[in-house]
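J.: This is protein-v5.txt, which holds compact mmCIF, C-alpha atoms and all ligand atoms:
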# COMPACT_ATOMS: atom_id res chain seq x y z
CA MET F 736 -13.38 -14.94 -3.69
CA ALA F 737 -14.19 -12.16 -6.04
CA LEU F 738 -12.47 -9.27 -7.72
CA ARG F 739 -13.48 -5.82 -6.50
CA GLU F 740 -13.59 -2.73 -8.67
CA ILE F 741 -10.74 -0.27 -8.18
CA ILE F 742 -11.81 3.38 -8.13
CA PHE F 743 -9.84 6.36 -9.40
CA LEU F 744 -9.36 10.00 -8.57
CA PRO F 745 -11.39 12.20 -8.27
CA GLU F 746 -13.64 9.74 -6.35
CA PRO F 747 -14.15 11.58 -3.04
CA ILE F 748 -13.77 8.44 -0.91
CA LEU F 749 -10.06 8.41 -1.84
CA ARG F 750 -9.74 11.76 -0.09
CA ARG F 751 -11.43 10.84 3.19
CA LYS F 752 -9.89 9.45 6.33
CA ALA F 753 -10.98 5.83 6.61
CA LYS F 754 -12.74 4.52 9.74
CA PRO F 755 -11.12 2.00 12.08
CA VAL F 756 -12.16 -1.61 11.63
CA THR F 757 -14.08 -2.85 14.70
CA LYS F 758 -15.62 -6.14 13.59
CA PHE F 759 -13.39 -9.10 12.73
CA ASP F 760 -16.17 -11.22 11.32
CA LYS F 761 -16.64 -13.45 8.31
CA ASP F 762 -17.45 -10.50 6.05
CA LEU F 763 -14.10 -8.94 6.91
CA GLN F 764 -12.28 -12.18 6.03
CA THR F 765 -14.06 -12.26 2.66
CA LEU F 766 -13.18 -8.61 2.05
CA ILE F 767 -9.50 -9.27 2.86
CA ASP F 768 -9.36 -12.28 0.52
CA ASP F 769 -11.03 -10.25 -2.23
CA MET F 770 -8.53 -7.44 -1.75
CA ILE F 771 -5.58 -9.84 -2.03
CA GLU F 772 -7.04 -11.28 -5.22
CA THR F 773 -7.75 -7.81 -6.64
CA MET F 774 -4.21 -6.63 -5.83
CA ARG F 775 -2.67 -9.66 -7.54
CA GLU F 776 -4.90 -9.35 -10.56
CA ALA F 777 -4.23 -5.60 -11.05
CA PRO F 778 -1.26 -6.35 -10.66
CA GLY F 779 -0.07 -4.25 -7.76
CA VAL F 780 2.11 -4.50 -4.68
CA GLY F 781 -0.46 -2.96 -2.36
CA LEU F 782 -4.14 -2.09 -2.13
CA ALA F 783 -6.00 -0.03 0.46
CA ALA F 784 -9.71 -0.52 1.14
CA PRO F 785 -10.68 3.05 0.07
CA GLN F 786 -9.37 2.13 -3.40
CA ILE F 787 -12.24 -0.33 -3.71
CA ASN F 788 -14.70 2.17 -2.30
CA ILE F 789 -14.63 0.88 1.28
CA PRO F 790 -13.73 3.59 3.81
CA GLN F 791 -12.10 1.30 6.37
CA GLN F 792 -8.55 1.24 7.72
CA LEU F 793 -7.40 -1.89 5.99
CA ALA F 794 -4.68 -2.55 3.42
CA VAL F 795 -2.98 -5.54 1.85
CA ILE F 796 0.62 -5.54 0.68
CA GLU F 797 2.60 -8.16 -1.21
CA TYR F 798 6.13 -7.65 -2.39
CA ALA F 799 9.45 -9.46 -2.76
CA GLU F 800 12.48 -7.37 -1.87
CA GLN F 801 15.00 -7.33 -4.70
CA ASP F 802 18.49 -8.54 -4.02
CA ASP F 803 21.27 -6.05 -4.71
CA ASP F 804 23.26 -8.87 -6.29
CA GLU F 805 22.26 -9.36 -9.88
CA GLY F 806 21.76 -13.01 -10.64
CA ALA F 807 20.85 -13.82 -7.02
CA PRO F 808 17.81 -16.09 -6.70
CA PRO F 809 14.56 -14.13 -6.30
CA LYS F 810 13.43 -13.61 -2.72
CA PRO F 811 10.02 -14.94 -1.72
CA LYS F 812 7.12 -12.52 -1.69
CA LYS F 813 5.87 -11.36 1.68
CA LEU F 814 2.18 -10.76 2.24
CA TYR F 815 0.91 -8.38 4.91
CA VAL F 816 -2.63 -7.54 5.97
CA ILE F 817 -2.62 -4.37 8.06
CA ILE F 818 -5.65 -3.09 9.94
CA ASN F 819 -5.91 0.23 11.81
CA PRO F 820 -2.18 0.77 11.23
CA GLU F 821 -0.16 3.47 12.91
CA ILE F 822 3.44 4.45 12.23
CA VAL F 823 5.06 4.52 15.68
CA LYS F 824 8.66 5.14 14.63
CA ALA F 825 10.17 6.53 11.46
CA SER F 826 13.82 6.93 10.54
CA GLU F 827 15.21 10.38 10.05
CA GLU F 828 16.81 9.03 6.93
CA LYS F 829 14.60 9.52 3.90
CA VAL F 830 14.93 8.13 0.41
CA LEU F 831 13.59 9.19 -2.95
CA GLY F 832 11.83 6.66 -5.16
CA VAL F 833 9.44 6.51 -8.08
CA GLU F 834 5.84 5.59 -7.27
CA GLY F 835 2.66 5.00 -9.16
CA CYS F 836 -0.85 4.25 -7.91
CA LEU F 837 -3.61 1.96 -9.15
CA SER F 838 -6.06 4.82 -8.47
CA ILE F 839 -4.10 7.35 -10.57
CA PRO F 840 -3.45 5.57 -13.85
CA GLY F 841 -0.88 7.04 -16.21
CA LEU F 842 1.05 9.11 -13.69
CA LEU F 843 4.32 8.51 -11.86
CA GLY F 844 6.01 10.62 -9.25
CA GLU F 845 9.16 10.91 -7.25
CA VAL F 846 8.36 10.72 -3.54
CA GLU F 847 10.52 11.02 -0.46
CA ARG F 848 9.78 8.38 2.19
CA HIS F 849 11.27 7.27 5.50
CA ALA F 850 13.90 4.58 4.93
CA HIS F 851 12.72 2.47 7.90
CA ILE F 852 9.50 2.51 9.88
CA GLN F 853 7.84 0.65 12.71
CA VAL F 854 4.13 0.06 12.41
CA LYS F 855 1.60 -0.98 15.00
CA ALA F 856 -1.45 -2.67 13.49
CA LEU F 857 -3.93 -5.48 13.90
CA ASN F 858 -3.74 -8.63 11.82
CA ARG F 859 -6.74 -10.17 10.06
CA HIS F 860 -7.84 -11.84 13.29
CA GLY F 861 -7.72 -8.62 15.29
CA GLN F 862 -4.49 -9.47 17.10
CA PRO F 863 -1.96 -6.67 17.62
CA VAL F 864 1.25 -6.88 15.63
CA LYS F 865 4.35 -4.70 15.46
CA LEU F 866 6.17 -4.66 12.15
CA LYS F 867 9.58 -3.28 11.25
CA VAL F 868 10.02 -2.66 7.56
CA GLU F 869 12.66 -1.04 5.41
CA GLY F 870 13.56 -0.42 1.82
CA TRP F 871 10.86 -0.69 -0.80
CA MET F 872 8.56 -2.47 1.65
CA ALA F 873 8.70 0.60 3.93
CA ARG F 874 7.77 2.75 0.94
CA ILE F 875 4.76 0.59 0.12
CA PHE F 876 3.60 0.67 3.76
CA GLN F 877 3.79 4.48 3.80
CA HIS F 878 1.93 4.72 0.48
CA GLU F 879 -0.88 2.45 1.78
CA ILE F 880 -1.15 4.14 5.18
CA ASP F 881 -1.41 7.47 3.35
CA HIS F 882 -4.38 6.04 1.40
CA LEU F 883 -6.13 5.33 4.73
CA ASN F 884 -5.74 9.03 5.57
CA GLY F 885 -6.99 10.34 2.23
CA VAL F 886 -3.48 11.20 1.04
CA MET F 887 -2.32 10.36 -2.49
CA PHE F 888 1.31 10.06 -3.60
CA THR F 889 0.87 13.08 -5.88
CA ASP F 890 0.38 15.24 -2.74
CA LYS F 891 3.91 14.42 -1.62
CA ALA F 892 5.68 14.03 -4.94
CA THR F 893 8.48 16.45 -5.71
CA ARG F 894 7.63 15.97 -9.38
CA VAL F 895 5.13 13.94 -11.41
CA TRP F 896 5.18 12.85 -15.03
CA LYS F 897 3.48 10.64 -17.56
CA PRO F 898 5.51 7.45 -17.99
CA GLN F 899 7.26 6.55 -21.22
CA GLU F 900 6.13 3.32 -22.78
CA ASP F 901 9.17 1.45 -21.49
CA GLU F 902 8.98 2.89 -17.98
CA GLU F 903 7.66 0.30 -15.56
CA VAL F 904 6.92 0.88 -11.92
CA GLU F 905 5.15 -1.25 -9.30
CA LEU F 906 1.71 0.14 -8.54
CA ASP F 907 -0.15 0.28 -5.24
NI NI N 1 -1.94 3.87 -4.34
Now that the file is in, can you turn its structure into structure tokens?
Ligand code: NI

T.:
Amino acid sequence: MALREIIFLPEPILRRKAKPVTKFDKDLQTLIDDMIETMREAPGVGLAAPQINIPQQLAVIEYAEQDDDEGAPPKPKKLYVIINPEIVKASEEKVLGVEGCLSIPGLLGEVERHAHIQVKALNRHGQPVKLKVEGWMARIFQHEIDHLNGVMFTDKATRVWKPQEDEEVELD
């Protein structure tokens, strides 16, 4: 496995619609493993292939939902690999949350996202999967799927700002 270099705005590839993945070969498996390693190293909770200069519809996501109860044991992290994803259902309910992006260092923004979504995608072996996600996981999915369409969180943010030193946000 190897780390891949993350690119930043204004790299034009971040603004293009990525192409569907058609070959589920050994090179794709290597790319996926590299993306997982790069996401963990960053560290981030998600990484889309265009962010490492590869215009393909592929993203990796890893996040542990927080428990509302303080002092509850931490929940295990869930790892998703989504290929050619499509949002097939989205809740009318939307929620505001603060996002940052590995490709836009030094900027945070408040973004409205669907509270729950259903996503149709392929897994790393090319098999179709249907995923239902909610909460922060749903936010990360929407952020990553936007990346595959050339959309950055700053396009949707109701406001953006430079974080204070003590302001920490998960990046993806
Ligand atoms: Ni991002």

J.: Can you pull out the residues contacting Lys897 in chain F? Cut-off 12 Å, using only C-alpha atoms, and skip same-chain residues under 4 positions away; I want them as a VMD selection string.

T.: chain F and resid 833 to 835 839 to 845 901 to 904

J.: With C-alpha atoms retained, write the just-selected residues as a tab-separated table (two decimals), in the frame of the given file.

T.:
chain	number	residue	atom	x	y	z
F	833	VAL	CA	9.44	6.51	-8.08
F	834	GLU	CA	5.84	5.59	-7.27
F	835	GLY	CA	2.66	5.00	-9.16
F	839	ILE	CA	-4.10	7.35	-10.57
F	840	PRO	CA	-3.45	5.57	-13.85
F	841	GLY	CA	-0.88	7.04	-16.21
F	842	LEU	CA	1.05	9.11	-13.69
F	843	LEU	CA	4.32	8.51	-11.86
F	844	GLY	CA	6.01	10.62	-9.25
F	845	GLU	CA	9.16	10.91	-7.25
F	901	ASP	CA	9.17	1.45	-21.49
F	902	GLU	CA	8.98	2.89	-17.98
F	903	GLU	CA	7.66	0.30	-15.56
F	904	VAL	CA	6.92	0.88	-11.92

J.: Hey, what's within 7 Å of Ala850 in chain F if we count only C-alpha atoms and toss same-chain stuff fewer than 6 positions away? As a PyMOL selection string, please?

T.: chain F and resi 826+828-830+869-870+873

J.: Would you mind listing the residues within 6 Å of ligand NI 1 (chain N), counting only C-alpha atoms and all ligand atoms, as a list in words?

T.: Cys836, Leu837, Ser838 and Asp907 of chain F

J.: Measure the distance from CA of Glu772 in chain F to CA of Asn819 in chain F in Å and round it to one decimal.

T.: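 The value is 20.6 Å.
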
J.: So that I can see what lies close to Glu797 in chain F, please list as a list in words the residues with an atom at most 10 Å from it, counting only C-alpha atoms and leaving out residues fewer than 4 positions away in the same chain.

T.: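 Selected residues are Ile771, Met774, Arg775, Gly779, Val780, Gly781, Leu782, Lys812, Lys813, Leu814, Tyr815, Val816, Met872, Ile875 and Asp907 of chain F.
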
J.: Up to 8 Å from (-1.1, -6.9, 10.7) in the file's coordinates: name the residues, counting all atoms listed in the file, as number ranges by chain.

T.: F: 815-818, 820, 855-859, 862-866

J.: Could you tell me how far CA of Leu763 in chain F lies from CA of Pro790 in chain F, in Å and to one decimal?

T.: 12.9 Å

J.: What is the distance between CA of Met770 in chain F and CA of Ala753 in chain F, in Å to one decimal?

T.: 15.9 Å
